[in-house]
Every structure is written in C-alpha cells, then in structure tokens.
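Heads up, query-v7.cif below (mmCIF, C-alpha atoms):
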data_my_file
loop_
_atom_site.label_atom_id
_atom_site.label_comp_id
_atom_site.auth_asym_id
_atom_site.auth_seq_id
_atom_site.Cartn_x
_atom_site.Cartn_y
_atom_site.Cartn_z
CA MET A 1 -21.85 74.27 -52.16
CA LYS A 2 -19.00 72.32 -53.71
CA SER A 3 -16.65 70.10 -51.71
CA GLY A 4 -14.31 67.21 -52.34
CA PHE A 5 -11.03 65.43 -51.82
CA VAL A 6 -8.28 66.47 -54.23
CA ASN A 7 -5.43 64.02 -53.84
CA ILE A 8 -1.93 64.88 -55.08
CA LEU A 9 -0.03 61.85 -56.40
CA GLY A 10 3.24 61.27 -58.25
CA ASN A 11 6.77 59.93 -58.15
CA PRO A 12 9.24 61.01 -55.45
CA ASN A 13 10.84 64.46 -55.76
CA VAL A 14 8.59 65.94 -58.44
CA GLY A 15 7.43 68.81 -56.19
CA LYS A 16 4.14 67.50 -54.79
CA SER A 17 4.70 69.03 -51.35
CA THR A 18 5.70 72.41 -52.76
CA LEU A 19 2.59 72.39 -54.94
CA MET A 20 0.37 71.43 -52.00
CA ASN A 21 1.76 74.26 -49.86
CA VAL A 22 1.18 76.82 -52.62
CA LEU A 23 -2.36 75.57 -53.29
CA VAL A 24 -3.24 75.71 -49.59
CA GLY A 25 -1.36 78.95 -48.94
CA GLU A 26 0.36 77.51 -45.86
CA ARG A 27 3.50 75.50 -45.26
CA LEU A 28 2.05 72.16 -44.15
CA SER A 29 4.36 69.67 -45.87
CA ILE A 30 8.10 69.62 -45.32
CA ILE A 31 10.23 70.14 -48.40
CA THR A 32 13.73 68.91 -49.22
CA SER A 33 15.59 67.89 -52.36
CA LYS A 34 15.65 64.27 -51.17
CA ALA A 35 13.19 61.65 -52.35
CA GLN A 36 10.83 60.04 -49.82
CA THR A 37 10.55 63.22 -47.75
CA THR A 38 6.79 62.74 -47.27
CA ARG A 39 5.84 59.64 -45.27
CA HIS A 40 2.26 60.41 -44.26
CA ARG A 41 -0.90 61.65 -45.91
CA ILE A 42 -1.24 65.30 -44.95
CA LEU A 43 -4.49 67.19 -45.44
CA GLY A 44 -4.69 70.88 -46.24
CA ILE A 45 -8.19 72.38 -46.25
CA VAL A 46 -9.15 75.44 -48.30
CA ASN A 47 -12.50 77.22 -47.89
CA GLY A 48 -13.69 80.02 -50.14
CA GLU A 49 -16.24 81.35 -52.60
CA ASP A 50 -16.32 81.11 -56.38
CA ASN A 51 -18.83 83.38 -58.13
CA GLY A 52 -20.90 83.51 -54.96
CA ASP A 53 -20.88 79.74 -54.36
CA LYS A 54 -19.02 78.36 -51.36
CA PHE A 55 -16.47 75.59 -51.73
CA GLN A 56 -14.24 73.43 -49.54
CA ILE A 57 -11.26 71.63 -51.07
CA VAL A 58 -9.55 68.97 -48.99
CA PHE A 59 -6.08 68.60 -50.53
CA SER A 60 -3.96 65.55 -49.69
CA ASP A 61 -0.19 65.43 -50.01
CA THR A 62 0.97 61.82 -50.32
CA PRO A 63 4.28 59.90 -50.33
CA GLY A 64 6.06 59.49 -53.65
CA ILE A 65 5.21 56.32 -55.57
CA LEU A 66 7.97 53.71 -55.35
CA LYS A 67 8.63 49.97 -55.18
CA PRO A 68 8.79 49.17 -51.44
CA ALA A 69 12.07 47.83 -50.04
CA TYR A 70 10.91 47.52 -46.42
CA LYS A 71 7.70 47.67 -44.35
CA LEU A 72 7.81 51.43 -43.79
CA GLN A 73 7.70 51.94 -47.55
CA GLU A 74 4.88 49.40 -47.79
CA LYS A 75 2.90 51.54 -45.33
CA MET A 76 3.69 54.62 -47.41
CA MET A 77 2.35 52.89 -50.53
CA ASP A 78 -0.79 51.88 -48.62
CA VAL A 79 -1.34 55.61 -48.13
CA VAL A 80 -0.94 56.22 -51.88
CA HIS A 81 -3.33 53.42 -52.85
CA GLY A 82 -5.91 54.73 -50.39
CA ALA A 83 -5.58 58.23 -51.81
CA MET A 84 -5.94 56.92 -55.34
CA GLY A 85 -9.22 55.25 -54.40
CA ASP A 86 -11.01 57.95 -52.39
CA ALA A 87 -10.25 61.00 -54.54
CA ASP A 88 -12.92 63.18 -56.11
CA VAL A 89 -10.18 64.72 -58.25
CA ILE A 90 -6.67 63.35 -58.85
CA VAL A 91 -3.83 65.81 -59.36
CA PHE A 92 -1.04 63.66 -60.76
CA VAL A 93 2.29 65.49 -60.68
CA THR A 94 5.21 64.80 -62.97
CA ASP A 95 7.99 67.19 -63.89
CA ALA A 96 9.69 68.72 -66.90
CA ASP A 97 13.03 67.19 -65.99
CA GLY A 98 12.67 63.62 -67.18
CA ASP A 99 10.34 62.07 -64.58
CA ARG A 100 8.78 58.88 -65.94
CA PRO A 101 5.94 57.37 -63.87
CA ASP A 102 5.46 53.63 -64.35
CA ASP A 103 2.81 52.34 -66.73
CA VAL A 104 1.01 50.39 -63.97
CA THR A 105 0.24 53.59 -62.04
CA ILE A 106 -0.84 55.45 -65.17
CA ASP A 107 -3.07 52.53 -66.17
CA LYS A 108 -4.75 52.56 -62.73
CA ILE A 109 -5.46 56.27 -63.00
CA ARG A 110 -6.78 55.89 -66.55
CA LYS A 111 -9.15 53.08 -65.51
CA SER A 112 -10.29 54.77 -62.27
CA GLY A 113 -12.76 57.09 -63.96
CA ILE A 114 -11.79 59.83 -61.48
CA PRO A 115 -11.37 63.32 -63.02
CA THR A 116 -7.62 63.79 -63.40
CA LEU A 117 -5.37 66.80 -63.91
CA LEU A 118 -1.88 65.93 -65.15
CA VAL A 119 0.49 68.57 -63.80
CA ILE A 120 3.91 69.05 -65.40
CA ASN A 121 5.85 70.82 -62.66
CA LYS A 122 9.24 72.59 -62.74
CA ILE A 123 8.65 74.06 -66.19
CA ASP A 124 11.08 76.84 -65.25
CA LEU A 125 13.79 74.21 -65.83
CA SER A 126 12.55 73.30 -69.33
CA THR A 127 12.58 74.71 -72.84
CA GLN A 128 9.43 75.47 -74.81
CA GLU A 129 10.27 72.74 -77.33
CA LYS A 130 10.76 70.11 -74.63
CA LEU A 131 7.61 71.18 -72.82
CA GLU A 132 5.49 70.91 -75.97
CA ALA A 133 6.81 67.39 -76.52
CA LEU A 134 5.98 66.43 -72.92
CA VAL A 135 2.44 67.79 -73.23
CA ALA A 136 1.92 65.73 -76.39
CA THR A 137 3.29 62.59 -74.69
CA TRP A 138 0.99 63.00 -71.69
CA GLN A 139 -2.04 63.70 -73.84
CA GLU A 140 -1.38 60.32 -75.45
CA ARG A 141 -0.73 58.45 -72.17
CA LEU A 142 -3.71 59.97 -70.31
CA PRO A 143 -6.13 61.13 -73.04
CA ASP A 144 -8.96 61.96 -70.58
CA ALA A 145 -6.76 64.10 -68.33
CA GLN A 146 -6.12 67.81 -68.81
CA VAL A 147 -2.40 68.59 -68.95
CA ILE A 148 -1.40 71.70 -67.00
CA PRO A 149 2.20 73.01 -66.96
CA VAL A 150 3.17 74.83 -63.74
CA SER A 151 6.11 75.95 -61.67
CA ALA A 152 5.11 75.48 -58.03
CA LYS A 153 8.42 76.98 -56.89
CA LEU A 154 7.73 80.21 -58.80
CA ASP A 155 3.94 80.05 -58.24
CA PHE A 156 3.44 80.08 -62.02
CA ASN A 157 0.03 78.92 -63.32
CA VAL A 158 -0.91 77.44 -59.93
CA ARG A 159 -3.98 79.70 -59.90
CA GLY A 160 -4.93 78.23 -63.29
CA LEU A 161 -4.61 74.72 -61.81
CA PHE A 162 -6.75 75.78 -58.82
CA ASP A 163 -9.49 77.04 -61.16
CA GLU A 164 -9.49 73.73 -63.07
CA ILE A 165 -9.83 71.86 -59.76
CA LEU A 166 -12.84 74.00 -58.84
CA LYS A 167 -14.53 73.14 -62.15
CA ARG A 168 -14.29 69.42 -61.33
CA LEU A 169 -15.30 69.62 -57.67
CA PRO A 170 -18.59 67.81 -56.95
CA GLU A 171 -21.51 69.40 -55.13
CA GLY A 172 -21.84 68.51 -51.46
CA PRO A 173 -21.56 69.71 -47.87
CA ALA A 174 -18.31 70.65 -46.15
CA PHE A 175 -16.34 67.82 -44.54
CA TYR A 176 -14.64 70.04 -41.93
CA PRO A 177 -15.51 73.21 -39.98
CA GLU A 178 -14.64 76.36 -41.91
CA ASP A 179 -11.77 77.34 -39.61
CA THR A 180 -9.98 73.96 -39.96
CA LEU A 181 -6.68 74.09 -41.87
CA THR A 182 -5.46 70.50 -41.49
CA ASP A 183 -6.17 67.21 -39.74
CA LYS A 184 -2.70 67.05 -38.15
CA THR A 185 -1.73 68.13 -34.62
CA LEU A 186 0.96 70.53 -33.44
CA ARG A 187 2.93 67.48 -32.25
CA PHE A 188 2.92 66.13 -35.79
CA PHE A 189 4.18 69.38 -37.30
CA ALA A 190 6.86 69.70 -34.62
CA SER A 191 8.16 66.21 -35.43
CA GLU A 192 8.08 66.91 -39.18
CA ILE A 193 9.99 70.20 -38.84
CA ILE A 194 12.69 68.42 -36.82
CA ARG A 195 12.84 65.61 -39.40
CA GLU A 196 13.15 68.17 -42.20
CA LYS A 197 16.28 69.61 -40.56
CA ILE A 198 17.77 66.12 -40.36
CA LEU A 199 16.99 65.52 -44.04
CA ARG A 200 18.70 68.78 -44.94
CA THR A 201 21.75 68.12 -42.75
CA TYR A 202 22.67 64.50 -43.55
CA ASP A 203 23.20 62.38 -46.65
CA LYS A 204 23.12 58.66 -47.41
CA GLU A 205 21.26 56.42 -44.98
CA ILE A 206 20.77 58.74 -41.97
CA PRO A 207 17.68 60.66 -43.22
CA TYR A 208 15.88 57.45 -44.16
CA SER A 209 16.69 55.68 -40.89
CA VAL A 210 15.28 58.42 -38.65
CA GLU A 211 11.93 58.72 -36.92
CA VAL A 212 11.06 61.67 -34.66
CA VAL A 213 8.70 61.23 -31.72
CA ILE A 214 7.45 64.13 -29.59
CA GLU A 215 7.70 62.93 -25.99
CA SER A 216 6.11 66.01 -24.45
CA TYR A 217 4.53 69.21 -25.69
CA ARG A 218 3.56 71.81 -23.11
CA GLU A 219 1.87 75.01 -24.24
CA GLU A 220 2.35 78.08 -22.05
CA PRO A 221 1.14 81.66 -22.68
CA THR A 222 4.47 82.94 -24.06
CA ILE A 223 6.41 79.75 -24.86
CA ASP A 224 5.89 76.15 -26.00
CA ARG A 225 8.16 73.55 -24.38
CA ILE A 226 8.86 70.56 -26.64
CA ALA A 227 10.91 67.43 -25.94
CA ALA A 228 11.62 65.16 -28.91
CA LEU A 229 13.26 61.77 -29.27
CA ILE A 230 15.06 60.98 -32.53
CA TYR A 231 15.25 57.25 -33.30
CA VAL A 232 17.91 55.72 -35.55
CA THR A 233 18.41 52.09 -36.57
CA ARG A 234 22.06 51.63 -35.54
CA ASP A 235 24.41 52.90 -32.82
CA SER A 236 26.86 54.15 -35.46
CA GLN A 237 24.13 56.42 -36.85
CA LYS A 238 23.52 57.80 -33.37
CA GLY A 239 27.12 59.02 -33.16
CA ILE A 240 26.99 60.56 -36.63
CA LEU A 241 23.72 62.36 -35.90
CA ILE A 242 24.94 63.79 -32.59
CA GLY A 243 28.33 64.81 -33.98
CA HIS A 244 31.53 65.80 -32.15
CA LYS A 245 30.61 67.13 -28.69
CA GLY A 246 26.97 67.25 -29.79
CA GLU A 247 27.59 70.02 -32.34
CA LYS A 248 25.45 68.58 -35.16
CA LEU A 249 22.49 67.80 -32.91
CA LYS A 250 22.74 71.30 -31.46
CA ARG A 251 22.68 72.77 -34.99
CA ILE A 252 19.58 70.71 -35.90
CA GLY A 253 17.89 71.87 -32.71
CA THR A 254 18.63 75.53 -33.40
CA HIS A 255 17.30 75.42 -36.97
CA ALA A 256 14.23 73.44 -35.94
CA ARG A 257 13.50 75.80 -33.04
CA LEU A 258 13.64 78.86 -35.31
CA ASP A 259 11.26 77.23 -37.80
CA LEU A 260 8.93 76.17 -35.01
CA GLU A 261 8.85 79.71 -33.61
CA GLU A 262 7.93 81.06 -37.04
CA PHE A 263 5.30 78.33 -37.50
CA LEU A 264 3.74 78.81 -34.05
CA GLY A 265 4.22 82.56 -33.73
CA LYS A 266 5.75 82.30 -30.25
CA LYS A 267 8.92 81.30 -28.42
CA VAL A 268 9.90 77.63 -28.28
CA PHE A 269 12.13 75.67 -25.93
CA LEU A 270 13.24 72.54 -27.78
CA GLU A 271 15.03 69.57 -26.23
CA LEU A 272 16.39 66.76 -28.46
CA HIS A 273 17.67 63.29 -27.58
CA VAL A 274 18.81 60.42 -29.82
CA LYS A 275 18.11 56.73 -29.26
CA THR A 276 18.77 53.52 -31.21
CA ASN A 277 15.72 51.47 -32.18
CA GLU A 278 16.98 48.59 -34.30
CA ASN A 279 15.06 47.54 -37.39
CA TRP A 280 12.08 49.82 -36.67
CA ARG A 281 11.42 50.32 -40.39
CA ASP A 282 10.68 46.61 -40.84
CA ASN A 283 8.83 45.93 -37.58
CA GLU A 284 5.03 45.98 -37.79
CA ARG A 285 4.50 46.70 -34.09
CA LYS A 286 7.06 49.51 -33.98
CA LEU A 287 5.62 51.09 -37.12
CA LYS A 288 2.16 51.03 -35.56
CA ASN A 289 3.54 52.70 -32.43
CA PHE A 290 5.05 55.41 -34.64
CA GLY A 291 1.66 56.07 -36.25
CA TYR A 292 2.05 54.19 -39.53
CA GLU A 293 -1.29 52.49 -40.05
CA THR A 294 -2.65 50.84 -43.17
CA GLN A 295 -4.94 53.36 -44.83
#

Would you mind writing the file's structure down as structure tokens?
Amino acid sequence: MKSGFVNILGNPNVGKSTLMNVLVGERLSIITSKAQTTRHRILGIVNGEDNGDKFQIVFSDTPGILKPAYKLQEKMMDVVHGAMGDADVIVFVTDADGDRPDDVTIDKIRKSGIPTLLVINKIDLSTQEKLEALVATWQERLPDAQVIPVSAKLDFNVRGLFDEILKRLPEGPAFYPEDTLTDKTLRFFASEIIREKILRTYDKEIPYSVEVVIESYREEPTIDRIAALIYVTRDSQKGILIGHKGEKLKRIGTHARLDLEEFLGKKVFLELHVKTNENWRDNERKLKNFGYETQ
C-alpha cells in the first residue's frame, strides 16, 4: 500500500483551495476571490486503488504565504511552516497570471529534499507563449521539481497532476480509516461556510476582522439546528455587518443556510448573532480560544 501527506502550498489567491477540492472530489475548503480566505490547515483524504495497489492520500490545504502583520497571520504562517516540514510530497501552486513567490520560500523548498510538483494554475487565463516562458522560468528556479500546468477551475490536467502525486507517494499503511474524508468536524464546516458568505458580501476590513464561532449544534433526524456567533473587532463593524434593520445579516444567514443544507443533505435552522471582540487578531489567549494553535 502507498500512503502519504501531500501538502498544498503557495501564495494567497492562486487557487490552492479550488485545486484541493477538485483533487479530493468534495468541497472542503471555502473559496472566494479574496486573499487570506484559508486560515486553517484542512485535510482531505482520498482512498483508492492504482493498478491493483491500494493508496491513501492525505491532502492538506494551507493558508497563503505572506508576511505577517498581526498574531493571527503569524499563526497562519506557523501552519504553513509545519506543512512544509511534514510533507511526503509538496504541491507548490503558482498561477499563470503573474504570481511571484518569494525567493526565501522557493529556497526552503529546494533545500528540503521533499519531492515537489510545481503547479502553474489558471492556465485558462494565459497564452501558450506566456505559459511556455513560465514553465522555463520555473524549471530554472526549481530544477528538481516537475512543472505541471493546470486549470483547477476547469478541471484541466488535474488528473495528470493526481497521477504524478501517486508516482511519488511512499509505501506505508493508511493513516486514517477508509471511510474518513477529513479531520474537521461539522461545527468547523458550518463556521467556514458562514465566513465564506461574509467574505463574499463585504469588502475592505470586514472579512479580515471576522471570526465565526458555533455556539450550539444540535442534530435531529430531519433538521440540524445551528447557532453561530460572529465576532468583529470594532462596534462600527458590527453595524456594517448587520446592516439596516438587519437586512445584510439576514442575507448572509439565508445564503449560508442554503449552502449548509446542500452540504449536509438535510434541512437547517440557522441563527446568527454579532458581537464585538476587540483586538482578537492580536491576542494570544483569544486566538487559542478560537482554535488557532501553533502547529
């Protein structure tokens, strides 16, 4: 049997989460056009057979690599550094639209000795001439890595990437039971789906100042009852998020409920409240309470 950790790394907004979801075949990571959408390391586990041999791939979606401006981002980068160190295979994602990862990160990957696949995503937005130039550049920057152009959005050449991952997977026993899809709970996915709707609804500082906590989650035979608390850093943000007569919060709740019902395959009753929690992004104790631990 083959098994291993395949960790997906890269700059913000290059399509890591979209690629992860396509590779796993399930929507596990939230996706928006905004950078810093992913805050946690999310596992997606794929079991199968290849020419009669069983395999288990444990994919990891990780936050985008950035220079931290506050403690929350420091925690996010701890996740990235941990993923860079414990990978059996690194899938480093860049894009065909001008993404330029820093030399320090590339140097760490080059010196790690870990089998690496350099994925150029979003090739549907590029020309053949530009793509050929990018491939040549990456072959020079990471000479030991195989460069693989894909379009995760269009599911183009993702199967080819998957096959290359299988070739590099080490032999070993499974890490998780065969019916396990992820390490995250329903509470986690509920909070992420709500946060995704906030990211899609608001601009500027609101999406990056928000944390969603599930206060209660009660499963019943025909309906799940979920109560969530949305934290912001300032009272002014609270008013913006709620909107006139609660209209914006109601809209977020409706969109989140519909997504949750599709995700869970059953009816959902969703209750949302907003509360100010000043400076939570820079407070070690508050971050720990919200589940941000050093990896």

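Among the candidates A:Val24, A:Pro149, A:Phe162, A:Ile114, the one nearest to A:Asp86 when counting only C-alpha atoms is A:Ile114.
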
**Nearest-residue call for A:Gly172, choices A:Asn289, A:Ser3, A:Gln128, A:Gln73, using all atoms listed in the file** =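 Under the stated criterion, the closest residue is A:Ser3.
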
**Request:** Tell me which of A:Trp138, A:Phe59, A:Tyr202, A:Tyr217 sits closest to A:Thr185, counting only C-alpha atoms.
**Result:**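 Going through A:Trp138, A:Phe59, A:Tyr202, A:Tyr217 one by one, the smallest distance to A:Thr185 is for A:Tyr217.
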
**Request:** Given the file shown, enumerate the residues that the PyMOL selection byres ((chain A and resi 102) around 12) captures and present them as a count of residues only.
**Result:** 17

**Message:** Could you tell me, as JSON, numbers by chain, exactly which residues end up selected when the PyMOL selection byres ((chain A and resi 178-181) around 9) is applied to this structure?
**Reply:** {"A": [24, 26, 43, 44, 45, 46, 47, 56, 174, 176, 177, 182, 183, 184]}

**Residues selected by the PyMOL selection byres ((chain A and resi 208) around 12), written as a ChimeraX atom specification** = /A:34-39,69-70,72-73,195-196,198-200,202-207,209-212,231-233,237,280-281

**Complete:** Using only C-alpha atoms, the residue out of A:Gly246, A:Gly15, A:Gly253, A:Gly291 with shortest distance to A:Thr62 is A:Gly15

**Asked** Hey, which of A:Ala96, A:Leu142, A:Leu270, A:Ile148 ends up closest to A:Ser126? Count all atoms listed in the file.
**Response**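 Checking each of A:Ala96, A:Leu142, A:Leu270, A:Ile148 against A:Ser126, counting all atoms listed in the file, the winner is A:Ala96.
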
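Coordinates place atom CA of A:Lys275 at a distance of 6.2 Å from atom CA of A:Ile230.
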
**Message:** Between A:Ile42, A:Ala190, A:Ile223, A:Leu264, which residue has the minimum interatomic distance to A:Asn7, considering all atoms listed in the file?
**Reply:** A:Ile42

**Asked** At what distance in Å, to one decimal, does atom CA of A:Val274 lie from atom CA of A:Tyr292?
**Response**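 Between atom CA of A:Tyr292 and atom CA of A:Val274 the gap is 20.3 Å.
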
May I ask you to restore N, CA and C atoms in stretch 62-79 of chain A and write the result as an mmCIF file, in the coordinates of the input?
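Okay, selection.cif is ready:
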data_model
loop_
_atom_site.group_PDB
_atom_site.id
_atom_site.type_symbol
_atom_site.label_atom_id
_atom_site.label_comp_id
_atom_site.auth_asym_id
_atom_site.auth_seq_id
_atom_site.Cartn_x
_atom_site.Cartn_y
_atom_site.Cartn_z
ATOM 1 N N THR A 62 0.732 63.246 -50.548
ATOM 2 C CA THR A 62 0.970 61.820 -50.320
ATOM 3 C C THR A 62 2.436 61.469 -50.576
ATOM 4 N N PRO A 63 2.913 60.332 -50.044
ATOM 5 C CA PRO A 63 4.280 59.900 -50.330
ATOM 6 C C PRO A 63 4.492 59.648 -51.824
ATOM 7 N N GLY A 64 5.732 59.781 -52.257
ATOM 8 C CA GLY A 64 6.060 59.490 -53.650
ATOM 9 C C GLY A 64 5.919 58.010 -53.955
ATOM 10 N N ILE A 65 5.451 57.703 -55.166
ATOM 11 C CA ILE A 65 5.210 56.320 -55.570
ATOM 12 C C ILE A 65 6.540 55.619 -55.838
ATOM 13 N N LEU A 66 6.729 54.472 -55.179
ATOM 14 C CA LEU A 66 7.970 53.710 -55.350
ATOM 15 C C LEU A 66 7.708 52.234 -55.137
ATOM 16 N N LYS A 67 8.703 51.413 -55.450
ATOM 17 C CA LYS A 67 8.630 49.970 -55.180
ATOM 18 C C LYS A 67 9.179 49.734 -53.787
ATOM 19 N N PRO A 68 8.353 49.266 -52.840
ATOM 20 C CA PRO A 68 8.790 49.170 -51.440
ATOM 21 C C PRO A 68 9.968 48.221 -51.238
ATOM 22 N N ALA A 69 10.916 48.666 -50.391
ATOM 23 C CA ALA A 69 12.070 47.830 -50.040
ATOM 24 C C ALA A 69 11.981 47.347 -48.601
ATOM 25 N N TYR A 70 11.106 47.947 -47.796
ATOM 26 C CA TYR A 70 10.910 47.520 -46.420
ATOM 27 C C TYR A 70 9.502 47.935 -45.981
ATOM 28 N N LYS A 71 9.088 47.512 -44.780
ATOM 29 C CA LYS A 71 7.700 47.670 -44.350
ATOM 30 C C LYS A 71 7.265 49.138 -44.246
ATOM 31 N N LEU A 72 8.169 50.013 -43.839
ATOM 32 C CA LEU A 72 7.810 51.430 -43.790
ATOM 33 C C LEU A 72 7.353 51.906 -45.159
ATOM 34 N N GLN A 73 8.087 51.543 -46.200
ATOM 35 C CA GLN A 73 7.700 51.940 -47.550
ATOM 36 C C GLN A 73 6.411 51.268 -47.990
ATOM 37 N N GLU A 74 6.157 50.056 -47.505
ATOM 38 C CA GLU A 74 4.880 49.400 -47.790
ATOM 39 C C GLU A 74 3.728 50.217 -47.199
ATOM 40 N N LYS A 75 3.915 50.703 -45.970
ATOM 41 C CA LYS A 75 2.900 51.540 -45.330
ATOM 42 C C LYS A 75 2.695 52.837 -46.125
ATOM 43 N N MET A 76 3.791 53.405 -46.608
ATOM 44 C CA MET A 76 3.690 54.620 -47.410
ATOM 45 C C MET A 76 2.887 54.373 -48.681
ATOM 46 N N MET A 77 3.096 53.209 -49.310
ATOM 47 C CA MET A 77 2.350 52.890 -50.530
ATOM 48 C C MET A 77 0.897 52.559 -50.237
ATOM 49 N N ASP A 78 0.616 52.043 -49.032
ATOM 50 C CA ASP A 78 -0.790 51.880 -48.620
ATOM 51 C C ASP A 78 -1.500 53.229 -48.621
ATOM 52 N N VAL A 79 -0.790 54.255 -48.146
ATOM 53 C CA VAL A 79 -1.340 55.610 -48.130
ATOM 54 C C VAL A 79 -1.667 56.064 -49.560
#
